[in-house]
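Below you'll find the structure, written out as structure tokens, and then a few comments.
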Amino acid sequence: LMFNTLREKRYPQAILTHSDPHHALNVNPHSDGTPVLAGEEMVRRGLSFAAEDHSECLDVFVVARYPYCYQTREKWESIGLENAMEMCKTYHLERFLEWNRNQCEDAVSVDVERKNILLIDDDPNNVEAARSLGYKAAVVRGPSGFK
């Protein structure tokens, strides 16, 4: 419902996750031998289960990077960073802003500023880091909900 409402109003949507396919390669496979599903593929499969016509997963921007994997020069340079990735979701948020600006140039999306982006996360460190850069952010945990 939320995706549909936001899409109808032409607000861009993103899923920012630390589920990184590169990290999943180093994780033991499931007990039946199948590899661990991670990253954008995991997100899109999950969204396709939620959408009857699978259309909701087409225009959602996904950033799937686990900061721990980008702490060496070789790794951080491979994704265009000048330093190690911060151990939070600021990289993810900045990629979303960059993507959104490119979409606006093509008149596909509404221009979004940091102050109009809401990060919903279960890690207070990600929320505080986002707030420090001017994003709105909320911690959500279990039955207690948003904080």
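In the structure tokens, chains take letters A, B, ... by order of appearance, with residues numbered from 1 within each chain and ligands from 1 in the order shown.
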Residues near His23 (chain A), cut-off 9 Å, only C-alpha atoms, skip fewer than 4 positions along chain, as a PDB file with all heavy atoms, in the first residue's frame:
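Wrote selection08.pdb, looks like this:
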```pdb
ATOM      1  N   SER A  19      22.725  -6.107   3.134  1.00  0.00           N
ATOM      2  CA  SER A  19      22.770  -7.442   2.541  1.00  0.00           C
ATOM      3  C   SER A  19      23.546  -7.347   1.232  1.00  0.00           C
ATOM      4  O   SER A  19      23.028  -6.940   0.206  1.00  0.00           O
ATOM      5  CB  SER A  19      21.349  -7.951   2.283  1.00  0.00           C
ATOM      6  OG  SER A  19      21.400  -9.175   1.608  1.00  0.00           O
ATOM      7  N   VAL A  27      29.710 -16.523   3.044  1.00  0.00           N
ATOM      8  CA  VAL A  27      28.857 -17.132   4.060  1.00  0.00           C
ATOM      9  C   VAL A  27      28.586 -18.580   3.658  1.00  0.00           C
ATOM     10  O   VAL A  27      28.419 -18.887   2.480  1.00  0.00           O
ATOM     11  CB  VAL A  27      27.523 -16.347   4.176  1.00  0.00           C
ATOM     12  CG1 VAL A  27      26.573 -17.023   5.131  1.00  0.00           C
ATOM     13  CG2 VAL A  27      27.801 -14.911   4.600  1.00  0.00           C
ATOM     14  N   ALA A  38      21.323 -12.761  -1.450  1.00  0.00           N
ATOM     15  CA  ALA A  38      21.623 -11.469  -0.839  1.00  0.00           C
ATOM     16  C   ALA A  38      21.544 -10.361  -1.881  1.00  0.00           C
ATOM     17  O   ALA A  38      21.389 -10.613  -3.067  1.00  0.00           O
ATOM     18  CB  ALA A  38      23.016 -11.500  -0.214  1.00  0.00           C
ATOM     19  N   ARG A  65      25.009  -2.871   0.004  1.00  0.00           N
ATOM     20  CA  ARG A  65      26.436  -2.903   0.309  1.00  0.00           C
ATOM     21  C   ARG A  65      26.618  -3.077   1.811  1.00  0.00           C
ATOM     22  O   ARG A  65      25.972  -2.396   2.605  1.00  0.00           O
ATOM     23  CB  ARG A  65      27.120  -1.603  -0.090  1.00  0.00           C
ATOM     24  CG  ARG A  65      27.019  -1.262  -1.552  1.00  0.00           C
ATOM     25  CD  ARG A  65      28.191  -1.789  -2.310  1.00  0.00           C
ATOM     26  NE  ARG A  65      28.189  -1.242  -3.654  1.00  0.00           N
ATOM     27  CZ  ARG A  65      28.503  -1.948  -4.714  1.00  0.00           C
ATOM     28  NH1 ARG A  65      28.852  -3.194  -4.605  1.00  0.00           N
ATOM     29  NH2 ARG A  65      28.492  -1.395  -5.891  1.00  0.00           N
ATOM     30  N   TYR A  66      27.516  -3.960   2.197  1.00  0.00           N
ATOM     31  CA  TYR A  66      27.852  -4.180   3.599  1.00  0.00           C
ATOM     32  C   TYR A  66      29.165  -3.455   3.873  1.00  0.00           C
ATOM     33  O   TYR A  66      30.207  -3.828   3.321  1.00  0.00           O
ATOM     34  CB  TYR A  66      27.981  -5.679   3.856  1.00  0.00           C
ATOM     35  CG  TYR A  66      28.240  -6.080   5.285  1.00  0.00           C
ATOM     36  CD1 TYR A  66      27.620  -5.425   6.346  1.00  0.00           C
ATOM     37  CD2 TYR A  66      29.093  -7.130   5.576  1.00  0.00           C
ATOM     38  CE1 TYR A  66      27.848  -5.807   7.661  1.00  0.00           C
ATOM     39  CE2 TYR A  66      29.325  -7.531   6.878  1.00  0.00           C
ATOM     40  CZ  TYR A  66      28.705  -6.860   7.916  1.00  0.00           C
ATOM     41  OH  TYR A  66      28.930  -7.244   9.207  1.00  0.00           O
ATOM     42  N   TYR A  68      31.448  -3.409   5.987  1.00  0.00           N
ATOM     43  CA  TYR A  68      32.598  -4.218   6.403  1.00  0.00           C
ATOM     44  C   TYR A  68      33.405  -4.717   5.191  1.00  0.00           C
ATOM     45  O   TYR A  68      34.616  -4.888   5.280  1.00  0.00           O
ATOM     46  CB  TYR A  68      32.098  -5.403   7.236  1.00  0.00           C
ATOM     47  CG  TYR A  68      33.191  -6.310   7.718  1.00  0.00           C
ATOM     48  CD1 TYR A  68      33.980  -5.960   8.816  1.00  0.00           C
ATOM     49  CD2 TYR A  68      33.446  -7.514   7.079  1.00  0.00           C
ATOM     50  CE1 TYR A  68      35.000  -6.799   9.256  1.00  0.00           C
ATOM     51  CE2 TYR A  68      34.463  -8.356   7.512  1.00  0.00           C
ATOM     52  CZ  TYR A  68      35.238  -7.990   8.599  1.00  0.00           C
ATOM     53  OH  TYR A  68      36.243  -8.815   9.016  1.00  0.00           O
ATOM     54  N   CYS A  69      32.735  -4.918   4.068  1.00  0.00           N
ATOM     55  CA  CYS A  69      33.404  -5.439   2.868  1.00  0.00           C
ATOM     56  C   CYS A  69      34.204  -4.373   2.122  1.00  0.00           C
ATOM     57  O   CYS A  69      34.922  -4.698   1.174  1.00  0.00           O
ATOM     58  CB  CYS A  69      32.365  -6.020   1.905  1.00  0.00           C
ATOM     59  SG  CYS A  69      31.500  -7.456   2.542  1.00  0.00           S
TER      60      CYS A  69
END
```
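Residues of region 47-146 of chain A that DSSP places in strand (DSSP E or B), based on the backbone of this structure, are Val60, Phe61, Val62, Val63, Ala64, Leu118, Leu119, Ile120, Asp121, Lys136, Ala137, Ala138, Val139, Val140, Arg141, Gly145 and Phe146 of chain A.
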Would you write out those residues with all heavy atoms, as a compact mmCIF listing (two decimals), in the first residue's frame?
```txt
# COMPACT_ATOMS: atom_id res chain seq x y z
N VAL A 60 11.87 0.62 -7.76
CA VAL A 60 12.46 0.81 -6.45
C VAL A 60 13.97 0.74 -6.60
O VAL A 60 14.50 -0.22 -7.17
CB VAL A 60 11.96 -0.26 -5.45
CG1 VAL A 60 12.68 -0.15 -4.13
CG2 VAL A 60 10.46 -0.15 -5.25
N PHE A 61 14.65 1.75 -6.14
CA PHE A 61 16.11 1.79 -6.21
C PHE A 61 16.67 0.98 -5.05
O PHE A 61 16.20 1.08 -3.92
CB PHE A 61 16.59 3.24 -6.13
CG PHE A 61 18.07 3.41 -6.25
CD1 PHE A 61 18.72 3.12 -7.43
CD2 PHE A 61 18.82 3.86 -5.18
CE1 PHE A 61 20.09 3.28 -7.55
CE2 PHE A 61 20.19 4.03 -5.29
CZ PHE A 61 20.82 3.74 -6.48
N VAL A 62 17.68 0.16 -5.32
CA VAL A 62 18.26 -0.70 -4.29
C VAL A 62 19.75 -0.42 -4.17
O VAL A 62 20.46 -0.39 -5.17
CB VAL A 62 18.04 -2.19 -4.61
CG1 VAL A 62 18.70 -3.08 -3.56
CG2 VAL A 62 16.56 -2.51 -4.76
N VAL A 63 20.20 -0.21 -2.94
CA VAL A 63 21.63 -0.15 -2.64
C VAL A 63 21.90 -1.26 -1.65
O VAL A 63 21.36 -1.26 -0.55
CB VAL A 63 22.06 1.20 -2.04
CG1 VAL A 63 23.57 1.22 -1.77
CG2 VAL A 63 21.68 2.36 -2.95
N ALA A 64 22.72 -2.21 -2.05
CA ALA A 64 23.01 -3.38 -1.22
C ALA A 64 24.52 -3.51 -1.02
O ALA A 64 25.21 -4.13 -1.82
CB ALA A 64 22.44 -4.64 -1.87
N LEU A 118 13.29 9.94 4.44
CA LEU A 118 13.12 9.26 5.72
C LEU A 118 13.79 7.90 5.66
O LEU A 118 13.44 7.07 4.83
CB LEU A 118 11.64 9.08 6.06
CG LEU A 118 11.32 8.21 7.28
CD1 LEU A 118 11.88 8.84 8.55
CD2 LEU A 118 9.82 7.99 7.39
N LEU A 119 14.77 7.70 6.53
CA LEU A 119 15.39 6.39 6.69
C LEU A 119 14.70 5.70 7.85
O LEU A 119 14.65 6.24 8.96
CB LEU A 119 16.89 6.52 6.98
CG LEU A 119 17.60 5.21 7.33
CD1 LEU A 119 17.69 4.29 6.12
CD2 LEU A 119 18.98 5.48 7.91
N ILE A 120 14.18 4.52 7.62
CA ILE A 120 13.60 3.70 8.68
C ILE A 120 14.55 2.52 8.86
O ILE A 120 14.78 1.76 7.91
CB ILE A 120 12.19 3.21 8.31
CG1 ILE A 120 11.27 4.41 8.07
CG2 ILE A 120 11.63 2.31 9.41
CD1 ILE A 120 9.92 4.05 7.48
N ASP A 121 15.11 2.39 10.04
CA ASP A 121 16.15 1.38 10.25
C ASP A 121 16.05 0.81 11.65
O ASP A 121 15.54 1.46 12.56
CB ASP A 121 17.53 2.03 10.04
CG ASP A 121 18.60 1.04 9.70
OD1 ASP A 121 18.99 0.24 10.56
OD2 ASP A 121 19.05 1.06 8.54
N LYS A 136 16.02 12.75 7.68
CA LYS A 136 15.10 12.34 8.73
C LYS A 136 15.28 10.84 8.89
O LYS A 136 15.49 10.13 7.92
CB LYS A 136 13.66 12.66 8.36
CG LYS A 136 13.39 14.15 8.31
CD LYS A 136 11.97 14.45 7.95
CE LYS A 136 11.80 15.96 7.91
NZ LYS A 136 10.52 16.37 7.43
N ALA A 137 15.22 10.38 10.13
CA ALA A 137 15.46 8.96 10.35
C ALA A 137 14.73 8.51 11.60
O ALA A 137 14.59 9.26 12.56
CB ALA A 137 16.95 8.69 10.49
N ALA A 138 14.26 7.26 11.56
CA ALA A 138 13.54 6.70 12.69
C ALA A 138 14.03 5.27 12.93
O ALA A 138 14.26 4.53 11.99
CB ALA A 138 12.04 6.68 12.42
N VAL A 139 14.15 4.94 14.20
CA VAL A 139 14.49 3.58 14.59
C VAL A 139 13.18 2.83 14.74
O VAL A 139 12.23 3.34 15.35
CB VAL A 139 15.26 3.54 15.92
CG1 VAL A 139 15.50 2.10 16.37
CG2 VAL A 139 16.57 4.30 15.81
N VAL A 140 13.10 1.66 14.19
CA VAL A 140 11.93 0.81 14.40
C VAL A 140 12.43 -0.55 14.89
O VAL A 140 13.34 -1.13 14.32
CB VAL A 140 11.06 0.67 13.13
CG1 VAL A 140 11.79 0.00 11.99
CG2 VAL A 140 9.78 -0.06 13.43
N ARG A 141 11.84 -0.98 16.00
CA ARG A 141 12.27 -2.25 16.59
C ARG A 141 11.08 -2.95 17.19
O ARG A 141 10.36 -2.41 18.02
CB ARG A 141 13.27 -2.00 17.70
CG ARG A 141 14.64 -1.66 17.17
CD ARG A 141 15.64 -1.98 18.23
NE ARG A 141 16.96 -2.03 17.64
CZ ARG A 141 18.04 -1.83 18.30
NH1 ARG A 141 18.00 -1.57 19.59
NH2 ARG A 141 19.20 -1.90 17.71
N GLY A 145 7.76 -0.51 17.95
CA GLY A 145 7.61 0.34 16.77
C GLY A 145 8.67 1.41 16.64
O GLY A 145 9.82 1.20 16.94
N PHE A 146 8.24 2.59 16.20
CA PHE A 146 9.13 3.68 15.86
C PHE A 146 9.59 4.44 17.09
O PHE A 146 8.85 4.61 18.05
CB PHE A 146 8.44 4.67 14.92
CG PHE A 146 8.17 4.09 13.56
CD1 PHE A 146 6.96 3.48 13.30
CD2 PHE A 146 9.12 4.15 12.57
CE1 PHE A 146 6.69 2.95 12.05
CE2 PHE A 146 8.87 3.61 11.32
CZ PHE A 146 7.66 3.02 11.07
```
*Could you tell me which of A:Leu16, A:Arg101, A:Lys89, A:Ser144 comes closest to Arg131 (chain A) if we count only C-alpha atoms?*
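Between A:Leu16, A:Arg101, A:Lys89, A:Ser144, the residue approaching Arg131 (chain A) most closely is A:Lys89.
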With only C-alpha atoms as the counted atoms, please give the residues lying no more than 10 Å from Tyr70 (chain A), apart from itself and same-chain residues fewer than 2 positions off, as a PDB file with all heavy atoms, in the first residue's frame.
```pdb
ATOM      1  N   ARG A  65      25.009  -2.871   0.004  1.00  0.00           N
ATOM      2  CA  ARG A  65      26.436  -2.903   0.309  1.00  0.00           C
ATOM      3  C   ARG A  65      26.618  -3.077   1.811  1.00  0.00           C
ATOM      4  O   ARG A  65      25.972  -2.396   2.605  1.00  0.00           O
ATOM      5  CB  ARG A  65      27.120  -1.603  -0.090  1.00  0.00           C
ATOM      6  CG  ARG A  65      27.019  -1.262  -1.552  1.00  0.00           C
ATOM      7  CD  ARG A  65      28.191  -1.789  -2.310  1.00  0.00           C
ATOM      8  NE  ARG A  65      28.189  -1.242  -3.654  1.00  0.00           N
ATOM      9  CZ  ARG A  65      28.503  -1.948  -4.714  1.00  0.00           C
ATOM     10  NH1 ARG A  65      28.852  -3.194  -4.605  1.00  0.00           N
ATOM     11  NH2 ARG A  65      28.492  -1.395  -5.891  1.00  0.00           N
ATOM     12  N   TYR A  66      27.516  -3.960   2.197  1.00  0.00           N
ATOM     13  CA  TYR A  66      27.852  -4.180   3.599  1.00  0.00           C
ATOM     14  C   TYR A  66      29.165  -3.455   3.873  1.00  0.00           C
ATOM     15  O   TYR A  66      30.207  -3.828   3.321  1.00  0.00           O
ATOM     16  CB  TYR A  66      27.981  -5.679   3.856  1.00  0.00           C
ATOM     17  CG  TYR A  66      28.240  -6.080   5.285  1.00  0.00           C
ATOM     18  CD1 TYR A  66      27.620  -5.425   6.346  1.00  0.00           C
ATOM     19  CD2 TYR A  66      29.093  -7.130   5.576  1.00  0.00           C
ATOM     20  CE1 TYR A  66      27.848  -5.807   7.661  1.00  0.00           C
ATOM     21  CE2 TYR A  66      29.325  -7.531   6.878  1.00  0.00           C
ATOM     22  CZ  TYR A  66      28.705  -6.860   7.916  1.00  0.00           C
ATOM     23  OH  TYR A  66      28.930  -7.244   9.207  1.00  0.00           O
ATOM     24  N   PRO A  67      29.146  -2.390   4.670  1.00  0.00           N
ATOM     25  CA  PRO A  67      30.352  -1.572   4.861  1.00  0.00           C
ATOM     26  C   PRO A  67      31.610  -2.357   5.238  1.00  0.00           C
ATOM     27  O   PRO A  67      32.708  -2.011   4.810  1.00  0.00           O
ATOM     28  CB  PRO A  67      29.946  -0.616   5.989  1.00  0.00           C
ATOM     29  CG  PRO A  67      28.481  -0.480   5.848  1.00  0.00           C
ATOM     30  CD  PRO A  67      28.003  -1.853   5.416  1.00  0.00           C
ATOM     31  N   TYR A  68      31.448  -3.409   5.987  1.00  0.00           N
ATOM     32  CA  TYR A  68      32.598  -4.218   6.403  1.00  0.00           C
ATOM     33  C   TYR A  68      33.405  -4.717   5.191  1.00  0.00           C
ATOM     34  O   TYR A  68      34.616  -4.888   5.280  1.00  0.00           O
ATOM     35  CB  TYR A  68      32.098  -5.403   7.236  1.00  0.00           C
ATOM     36  CG  TYR A  68      33.191  -6.310   7.718  1.00  0.00           C
ATOM     37  CD1 TYR A  68      33.980  -5.960   8.816  1.00  0.00           C
ATOM     38  CD2 TYR A  68      33.446  -7.514   7.079  1.00  0.00           C
ATOM     39  CE1 TYR A  68      35.000  -6.799   9.256  1.00  0.00           C
ATOM     40  CE2 TYR A  68      34.463  -8.356   7.512  1.00  0.00           C
ATOM     41  CZ  TYR A  68      35.238  -7.990   8.599  1.00  0.00           C
ATOM     42  OH  TYR A  68      36.243  -8.815   9.016  1.00  0.00           O
ATOM     43  N   THR A  72      39.155  -2.008   2.702  1.00  0.00           N
ATOM     44  CA  THR A  72      40.492  -1.980   2.106  1.00  0.00           C
ATOM     45  C   THR A  72      40.464  -1.093   0.871  1.00  0.00           C
ATOM     46  O   THR A  72      39.423  -0.939   0.217  1.00  0.00           O
ATOM     47  CB  THR A  72      40.957  -3.392   1.696  1.00  0.00           C
ATOM     48  OG1 THR A  72      40.094  -3.889   0.662  1.00  0.00           O
ATOM     49  CG2 THR A  72      40.952  -4.338   2.895  1.00  0.00           C
ATOM     50  N   ARG A  73      41.611  -0.513   0.558  1.00  0.00           N
ATOM     51  CA  ARG A  73      41.705   0.417  -0.580  1.00  0.00           C
ATOM     52  C   ARG A  73      41.155  -0.217  -1.863  1.00  0.00           C
ATOM     53  O   ARG A  73      40.384   0.388  -2.591  1.00  0.00           O
ATOM     54  CB  ARG A  73      43.147   0.866  -0.792  1.00  0.00           C
ATOM     55  CG  ARG A  73      43.311   1.810  -1.987  1.00  0.00           C
ATOM     56  CD  ARG A  73      44.731   2.320  -2.133  1.00  0.00           C
ATOM     57  NE  ARG A  73      45.188   3.051  -0.977  1.00  0.00           N
ATOM     58  CZ  ARG A  73      44.892   4.339  -0.732  1.00  0.00           C
ATOM     59  NH1 ARG A  73      44.138   5.003  -1.554  1.00  0.00           N
ATOM     60  NH2 ARG A  73      45.359   4.934   0.340  1.00  0.00           N
ATOM     61  N   GLU A  74      41.552  -1.440  -2.145  1.00  0.00           N
ATOM     62  CA  GLU A  74      41.092  -2.125  -3.362  1.00  0.00           C
ATOM     63  C   GLU A  74      39.568  -2.188  -3.418  1.00  0.00           C
ATOM     64  O   GLU A  74      38.966  -1.913  -4.446  1.00  0.00           O
ATOM     65  CB  GLU A  74      41.677  -3.535  -3.409  1.00  0.00           C
ATOM     66  CG  GLU A  74      41.200  -4.337  -4.598  1.00  0.00           C
ATOM     67  CD  GLU A  74      41.682  -5.778  -4.549  1.00  0.00           C
ATOM     68  OE1 GLU A  74      42.296  -6.208  -3.551  1.00  0.00           O
ATOM     69  OE2 GLU A  74      41.413  -6.478  -5.532  1.00  0.00           O
ATOM     70  N   LYS A  75      38.951  -2.534  -2.301  1.00  0.00           N
ATOM     71  CA  LYS A  75      37.492  -2.683  -2.267  1.00  0.00           C
ATOM     72  C   LYS A  75      36.790  -1.339  -2.346  1.00  0.00           C
ATOM     73  O   LYS A  75      35.822  -1.183  -3.092  1.00  0.00           O
ATOM     74  CB  LYS A  75      37.052  -3.436  -1.006  1.00  0.00           C
ATOM     75  CG  LYS A  75      37.526  -4.865  -0.975  1.00  0.00           C
ATOM     76  CD  LYS A  75      36.869  -5.684  -2.053  1.00  0.00           C
ATOM     77  CE  LYS A  75      37.270  -7.132  -1.913  1.00  0.00           C
ATOM     78  NZ  LYS A  75      36.633  -7.977  -2.889  1.00  0.00           N
ATOM     79  N   TRP A  76      37.224  -0.345  -1.561  1.00  0.00           N
ATOM     80  CA  TRP A  76      36.506   0.929  -1.594  1.00  0.00           C
ATOM     81  C   TRP A  76      36.700   1.644  -2.921  1.00  0.00           C
ATOM     82  O   TRP A  76      35.783   2.264  -3.425  1.00  0.00           O
ATOM     83  CB  TRP A  76      36.796   1.807  -0.380  1.00  0.00           C
ATOM     84  CG  TRP A  76      38.103   2.549  -0.296  1.00  0.00           C
ATOM     85  CD1 TRP A  76      38.586   3.471  -1.175  1.00  0.00           C
ATOM     86  CD2 TRP A  76      39.063   2.459   0.752  1.00  0.00           C
ATOM     87  NE1 TRP A  76      39.797   3.958  -0.743  1.00  0.00           N
ATOM     88  CE2 TRP A  76      40.115   3.358   0.441  1.00  0.00           C
ATOM     89  CE3 TRP A  76      39.146   1.728   1.922  1.00  0.00           C
ATOM     90  CZ2 TRP A  76      41.223   3.535   1.257  1.00  0.00           C
ATOM     91  CZ3 TRP A  76      40.258   1.914   2.731  1.00  0.00           C
ATOM     92  CH2 TRP A  76      41.272   2.795   2.395  1.00  0.00           C
ATOM     93  N   GLU A  77      37.874   1.512  -3.515  1.00  0.00           N
ATOM     94  CA  GLU A  77      38.088   2.136  -4.821  1.00  0.00           C
ATOM     95  C   GLU A  77      37.255   1.455  -5.911  1.00  0.00           C
ATOM     96  O   GLU A  77      36.855   2.094  -6.875  1.00  0.00           O
ATOM     97  CB  GLU A  77      39.569   2.122  -5.191  1.00  0.00           C
ATOM     98  CG  GLU A  77      40.369   3.143  -4.412  1.00  0.00           C
ATOM     99  CD  GLU A  77      41.843   3.159  -4.774  1.00  0.00           C
ATOM    100  OE1 GLU A  77      42.341   2.224  -5.459  1.00  0.00           O
ATOM    101  OE2 GLU A  77      42.514   4.134  -4.372  1.00  0.00           O
ATOM    102  N   SER A  78      36.970   0.161  -5.740  1.00  0.00           N
ATOM    103  CA  SER A  78      36.179  -0.571  -6.741  1.00  0.00           C
ATOM    104  C   SER A  78      34.757  -0.028  -6.866  1.00  0.00           C
ATOM    105  O   SER A  78      34.095  -0.259  -7.880  1.00  0.00           O
ATOM    106  CB  SER A  78      36.154  -2.066  -6.414  1.00  0.00           C
ATOM    107  OG  SER A  78      35.307  -2.329  -5.307  1.00  0.00           O
ATOM    108  N   ILE A  79      34.285   0.687  -5.844  1.00  0.00           N
ATOM    109  CA  ILE A  79      32.939   1.279  -5.915  1.00  0.00           C
ATOM    110  C   ILE A  79      32.993   2.808  -5.926  1.00  0.00           C
ATOM    111  O   ILE A  79      31.995   3.476  -5.680  1.00  0.00           O
ATOM    112  CB  ILE A  79      32.031   0.756  -4.778  1.00  0.00           C
ATOM    113  CG1 ILE A  79      32.597   1.089  -3.411  1.00  0.00           C
ATOM    114  CG2 ILE A  79      31.780  -0.739  -4.947  1.00  0.00           C
ATOM    115  CD1 ILE A  79      31.635   0.816  -2.263  1.00  0.00           C
ATOM    116  N   LEU A  81      34.839   4.989  -4.028  1.00  0.00           N
ATOM    117  CA  LEU A  81      35.074   5.740  -2.797  1.00  0.00           C
ATOM    118  C   LEU A  81      36.540   6.129  -2.678  1.00  0.00           C
ATOM    119  O   LEU A  81      37.421   5.462  -3.214  1.00  0.00           O
ATOM    120  CB  LEU A  81      34.666   4.906  -1.575  1.00  0.00           C
ATOM    121  CG  LEU A  81      33.179   4.639  -1.405  1.00  0.00           C
ATOM    122  CD1 LEU A  81      32.935   3.723  -0.214  1.00  0.00           C
ATOM    123  CD2 LEU A  81      32.407   5.936  -1.236  1.00  0.00           C
ATOM    124  N   ASN A  83      37.805   6.693   0.463  1.00  0.00           N
ATOM    125  CA  ASN A  83      38.174   6.172   1.777  1.00  0.00           C
ATOM    126  C   ASN A  83      37.295   4.973   2.090  1.00  0.00           C
ATOM    127  O   ASN A  83      36.334   4.702   1.386  1.00  0.00           O
ATOM    128  CB  ASN A  83      37.966   7.242   2.861  1.00  0.00           C
ATOM    129  CG  ASN A  83      38.864   8.442   2.652  1.00  0.00           C
ATOM    130  OD1 ASN A  83      40.074   8.325   2.667  1.00  0.00           O
ATOM    131  ND2 ASN A  83      38.241   9.600   2.427  1.00  0.00           N
ATOM    132  N   ALA A  84      37.617   4.334   3.203  1.00  0.00           N
ATOM    133  CA  ALA A  84      36.805   3.201   3.643  1.00  0.00           C
ATOM    134  C   ALA A  84      35.360   3.637   3.843  1.00  0.00           C
ATOM    135  O   ALA A  84      35.083   4.771   4.259  1.00  0.00           O
ATOM    136  CB  ALA A  84      37.363   2.635   4.948  1.00  0.00           C
ATOM    137  N   MET A  85      34.435   2.737   3.530  1.00  0.00           N
ATOM    138  CA  MET A  85      33.015   3.031   3.720  1.00  0.00           C
ATOM    139  C   MET A  85      32.713   3.141   5.207  1.00  0.00           C
ATOM    140  O   MET A  85      33.176   2.326   6.001  1.00  0.00           O
ATOM    141  CB  MET A  85      32.152   1.921   3.100  1.00  0.00           C
ATOM    142  CG  MET A  85      30.659   2.230   3.134  1.00  0.00           C
ATOM    143  SD  MET A  85      29.619   0.876   2.504  1.00  0.00           S
ATOM    144  CE  MET A  85      30.003   0.922   0.759  1.00  0.00           C
ATOM    145  N   GLU A  86      31.950   4.154   5.568  1.00  0.00           N
ATOM    146  CA  GLU A  86      31.536   4.300   6.962  1.00  0.00           C
ATOM    147  C   GLU A  86      30.655   3.125   7.346  1.00  0.00           C
ATOM    148  O   GLU A  86      29.919   2.590   6.524  1.00  0.00           O
ATOM    149  CB  GLU A  86      30.769   5.606   7.149  1.00  0.00           C
ATOM    150  CG  GLU A  86      31.631   6.839   6.983  1.00  0.00           C
ATOM    151  CD  GLU A  86      30.848   8.098   7.238  1.00  0.00           C
ATOM    152  OE1 GLU A  86      30.241   8.213   8.324  1.00  0.00           O
ATOM    153  OE2 GLU A  86      30.825   8.953   6.339  1.00  0.00           O
ATOM    154  N   MET A  87      30.713   2.751   8.608  1.00  0.00           N
ATOM    155  CA  MET A  87      29.967   1.588   9.093  1.00  0.00           C
ATOM    156  C   MET A  87      28.522   1.979   9.429  1.00  0.00           C
ATOM    157  O   MET A  87      28.050   1.806  10.558  1.00  0.00           O
ATOM    158  CB  MET A  87      30.663   0.986  10.310  1.00  0.00           C
ATOM    159  CG  MET A  87      32.064   0.506   9.998  1.00  0.00           C
ATOM    160  SD  MET A  87      32.086  -0.757   8.734  1.00  0.00           S
ATOM    161  CE  MET A  87      32.181  -2.193   9.750  1.00  0.00           C
TER     162      MET A  87
END
```
If we count only C-alpha atoms and set the cut-off at 8 Å, which residues sit around region 97-99 of chain A, ignoring sequence neighbours fewer than 2 positions away in its own chain? Please answer as a PDB file with C-alpha atoms, in the first residue's frame.
```
ATOM      1  CA  LEU A  93      21.656   7.388   1.251  1.00  0.00           C
ATOM      2  CA  GLU A  94      24.072   9.387  -0.889  1.00  0.00           C
ATOM      3  CA  ARG A  95      23.780   6.861  -3.764  1.00  0.00           C
ATOM      4  CA  ARG A 101      18.944  13.556  -9.243  1.00  0.00           C
ATOM      5  CA  ASN A 102      19.697  11.611 -12.419  1.00  0.00           C
ATOM      6  CA  GLN A 103      16.039  10.507 -12.599  1.00  0.00           C
ATOM      7  CA  VAL A 112      14.230  15.015  -3.231  1.00  0.00           C
ATOM      8  CA  GLU A 113      16.469  16.759  -0.723  1.00  0.00           C
ATOM      9  CA  ARG A 114      18.064  15.202   2.336  1.00  0.00           C
TER      10      ARG A 114
END
```
*Kindly give the distance, in Å, that separates CA of Asp123 (chain A) and CA of Ile15 (chain A), rounded to a single decimal.*
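So the two atoms, CA of Asp123 (chain A) and CA of Ile15 (chain A), lie 14.8 Å apart.
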